[in-house]
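Notes follow the structure.
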Amino acid sequence: MDAEAAKLIGAGLAAVGAGISALGVGNVFSSFLEGALRNPAAADGQQGRLFIGFAAAELLGLLAFVVAVLLIFVV
Amino acid sequence: MAAESGKIDPMHQFEVAPMGGGFELGGQEILFTNSALWMAVAAVLLGVFMVGGMKRSLVPGRWQAAVEGFTTFISSMMTQSIGSEGRTYTPYVFSLFMFILFCNLVGMLPLGVFGLHPFTATSHIAVTGVLALLSFSIVLVVGFWKHGLHFFSLFVPQGTPKAMLPLIVPIEFISFMIRPFSLGLRLFVAMTAGHLLLKVLSSFVIGGMNADTLWLGSIVSLLSFTLMIGISALELLVAAIQAYVFALLTSLYINDAVNLH
């Protein structure tokens, strides 16, 4: 296989990681909403934890994006 | 087929270009770049915003209420995650939050219509990495200053069995050392990805208008333009969330240094 083609395929595969991290981020917010609707009084105090979970899940998707960008522009 | 002028380089917006002459310092050329210019613009706007709202009137007007909203937001976040000692670090985290927020928002301004292209300073890891290293060094300095060598107990979670220590300590150490990296990377990539997406969509709009089809091109343009408006709104949200996440994680890391765990 051509090296250039392999690079582009690798970048495309890295984009799969971004999509999967979307599942993670969605899961964070959906679970929060589920819990918040059961006990709305406790929801406001947990907003910090919500965003910590969001940041951790999102970081992995962003890393997948970085891998794709590195493959296309740097390697 | 389609006109070649529709080709747009989406990476061009991230190019750091020098503005005017610079000087040399120790063999390095020091230049005033567009990145520095837009950081200065953000800082000036932030200064105007803060000074305009610091009136101390008993019944706040709109402007003062806006500024007080930001200050109470950050100070309540600090006391929530650190405790009463968090007040000491509130000024740092507040300036961090406001500066990142203003840099992000200034980069989103649609000034390109007037031929003035805003530059998102936070879309470069050179900027966000320095901010992250600043937070990380504050954590180190505060930790060693408050607890001395006892600060290393951060790497040993409470109640760890002795047999697990050779495994747990390296993992905790790595997760501690990777913090400035992940902190800076998150902000830089989130801003880069959003602006890239907007530019790619805008190239669809222009390419669709230049296409030699009867009506298909304009439909593609219209759909892309609608999507662009939605993504712009999303980007405004991301700009605020990323600034908040940066400040929140900084406060958590400072909490580790102040209270150990």
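Each chain in the structure tokens gets a letter, A, B, ..., in the order shown, and its residues are numbered from 1; ligands are numbered from 1 in order too.
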Requested in this report: May I have the residues within 8 Å of B:Phe32 as a list in words, using only C-alpha atoms and disregarding those fewer than 2 positions away in the same chain?
Outcome: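 Selected residues are Pro18, Met19, Gly20, Gly21, Gly22, Ile30, Asn34, Ala36 and Leu37 of chain B.
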Those selected residues, please, written with C-alpha atoms and delivered as a compact mmCIF listing (two decimals), in the first residue's frame.
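File part_12.txt, as written:
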```
# COMPACT_ATOMS: atom_id res chain seq x y z
CA PRO B 18 4.23 38.86 12.33
CA MET B 19 2.85 42.40 12.39
CA GLY B 20 5.48 45.08 11.91
CA GLY B 21 9.12 44.95 12.86
CA GLY B 22 10.57 43.29 15.91
CA ILE B 30 11.00 38.90 19.03
CA ASN B 34 -1.43 38.58 15.29
CA ALA B 36 -0.19 38.69 20.54
CA LEU B 37 -2.43 41.38 19.07
```
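Near chain B, within 10 Å and using only C-alpha atoms, the residues of chain A are Gly45, Gln47, Gly48, Arg49, Phe51, Ile52, Phe54, Ala55, Ala56, Glu58, Leu59, Leu60, Gly61, Leu62, Leu63, Phe65, Val66 and Val69 of chain A.
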For B:Cys103, find every residue with an atom within 7 Å (counting only C-alpha atoms), except residues of its own chain fewer than 6 positions away, and show them as a short mmCIF file (atom, residue, chain, number, x, y, z; two decimals) with N, CA and C atoms, in the first residue's frame.
```
data_model
loop_
_atom_site.label_atom_id
_atom_site.label_comp_id
_atom_site.auth_asym_id
_atom_site.auth_seq_id
_atom_site.Cartn_x
_atom_site.Cartn_y
_atom_site.Cartn_z
N MET B 39 -4.56 38.62 21.72
CA MET B 39 -4.51 38.43 23.17
C MET B 39 -4.61 39.78 23.87
N ALA B 42 -8.13 40.98 23.72
CA ALA B 42 -8.94 40.30 24.74
C ALA B 42 -8.67 40.89 26.12
N THR B 120 -7.81 33.30 17.03
CA THR B 120 -8.10 32.69 18.33
C THR B 120 -6.77 32.30 18.98
N ALA B 121 -6.34 33.08 19.95
CA ALA B 121 -5.03 32.83 20.57
C ALA B 121 -5.02 31.47 21.26
N THR B 122 -6.20 31.04 21.76
CA THR B 122 -6.25 29.77 22.50
C THR B 122 -6.24 28.57 21.58
#
```
**Report entry** Selection: 12 Å around stretch 220-222 of chain B, only C-alpha atoms, excl. self and same-chain fewer than 5 positions, as a PyMOL selection string
**Finding:** chain B and resi 201-211+213-215+227-229
Residues as selected, N, CA and C atoms, written as a tab-separated table (two decimals), in the first residue's frame, can you do that?
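Generated file (out_3.tsv):
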```tsv
chain	number	residue	atom	x	y	z
B	201	LEU	N	-17.09	24.10	6.53
B	201	LEU	CA	-18.47	24.35	6.12
B	201	LEU	C	-18.55	25.58	5.23
B	202	SER	N	-17.77	26.62	5.56
B	202	SER	CA	-17.81	27.83	4.74
B	202	SER	C	-17.26	27.55	3.35
B	203	SER	N	-16.30	26.62	3.23
B	203	SER	CA	-15.81	26.28	1.90
B	203	SER	C	-16.89	25.53	1.12
B	204	PHE	N	-17.77	24.79	1.83
B	204	PHE	CA	-18.90	24.16	1.14
B	204	PHE	C	-19.84	25.24	0.60
B	205	VAL	N	-20.08	26.27	1.41
B	205	VAL	CA	-20.98	27.34	0.98
B	205	VAL	C	-20.45	27.99	-0.28
B	206	ILE	N	-19.16	28.36	-0.25
B	206	ILE	CA	-18.59	29.07	-1.40
B	206	ILE	C	-18.49	28.14	-2.61
B	207	GLY	N	-18.09	26.88	-2.36
B	207	GLY	CA	-17.98	25.93	-3.46
B	207	GLY	C	-19.33	25.66	-4.11
B	208	GLY	N	-20.38	25.59	-3.29
B	208	GLY	CA	-21.71	25.37	-3.83
B	208	GLY	C	-22.18	26.54	-4.68
B	209	MET	N	-21.84	27.78	-4.28
B	209	MET	CA	-22.25	28.93	-5.06
B	209	MET	C	-21.50	29.01	-6.38
B	210	ASN	N	-20.23	28.53	-6.38
B	210	ASN	CA	-19.44	28.60	-7.60
B	210	ASN	C	-19.68	27.43	-8.54
B	211	ALA	N	-20.40	26.40	-8.04
B	211	ALA	CA	-20.55	25.19	-8.85
B	211	ALA	C	-21.37	25.49	-10.10
B	213	THR	N	-23.68	23.84	-11.48
B	213	THR	CA	-24.96	23.15	-11.59
B	213	THR	C	-26.09	24.16	-11.57
B	214	LEU	N	-27.26	23.72	-12.00
B	214	LEU	CA	-28.37	24.66	-12.11
B	214	LEU	C	-28.85	25.12	-10.73
B	215	TRP	N	-29.25	24.15	-9.89
B	215	TRP	CA	-29.81	24.54	-8.60
B	215	TRP	C	-29.25	23.73	-7.45
B	227	LEU	N	-26.39	25.07	8.65
B	227	LEU	CA	-25.62	24.28	9.59
B	227	LEU	C	-24.54	25.14	10.26
B	228	MET	N	-23.94	26.05	9.47
B	228	MET	CA	-22.88	26.91	10.00
B	228	MET	C	-23.39	27.79	11.12
B	229	ILE	N	-24.63	28.31	10.94
B	229	ILE	CA	-25.20	29.17	11.98
B	229	ILE	C	-25.37	28.38	13.27
```
Query raised in the report: Which residue gives the smallest distance to A:Val25 among A:Ala57, A:Ala68, A:Leu50, A:Val74, with only C-alpha atoms counted?
Result: A:Ala57
Report task. Write down as a VMD selection string the residues belonging to stretch 39-73 of chain A that are assigned alpha helix (DSSP H) by DSSP computed on the backbone. Result -> chain A and resid 40 to 43 47 to 69
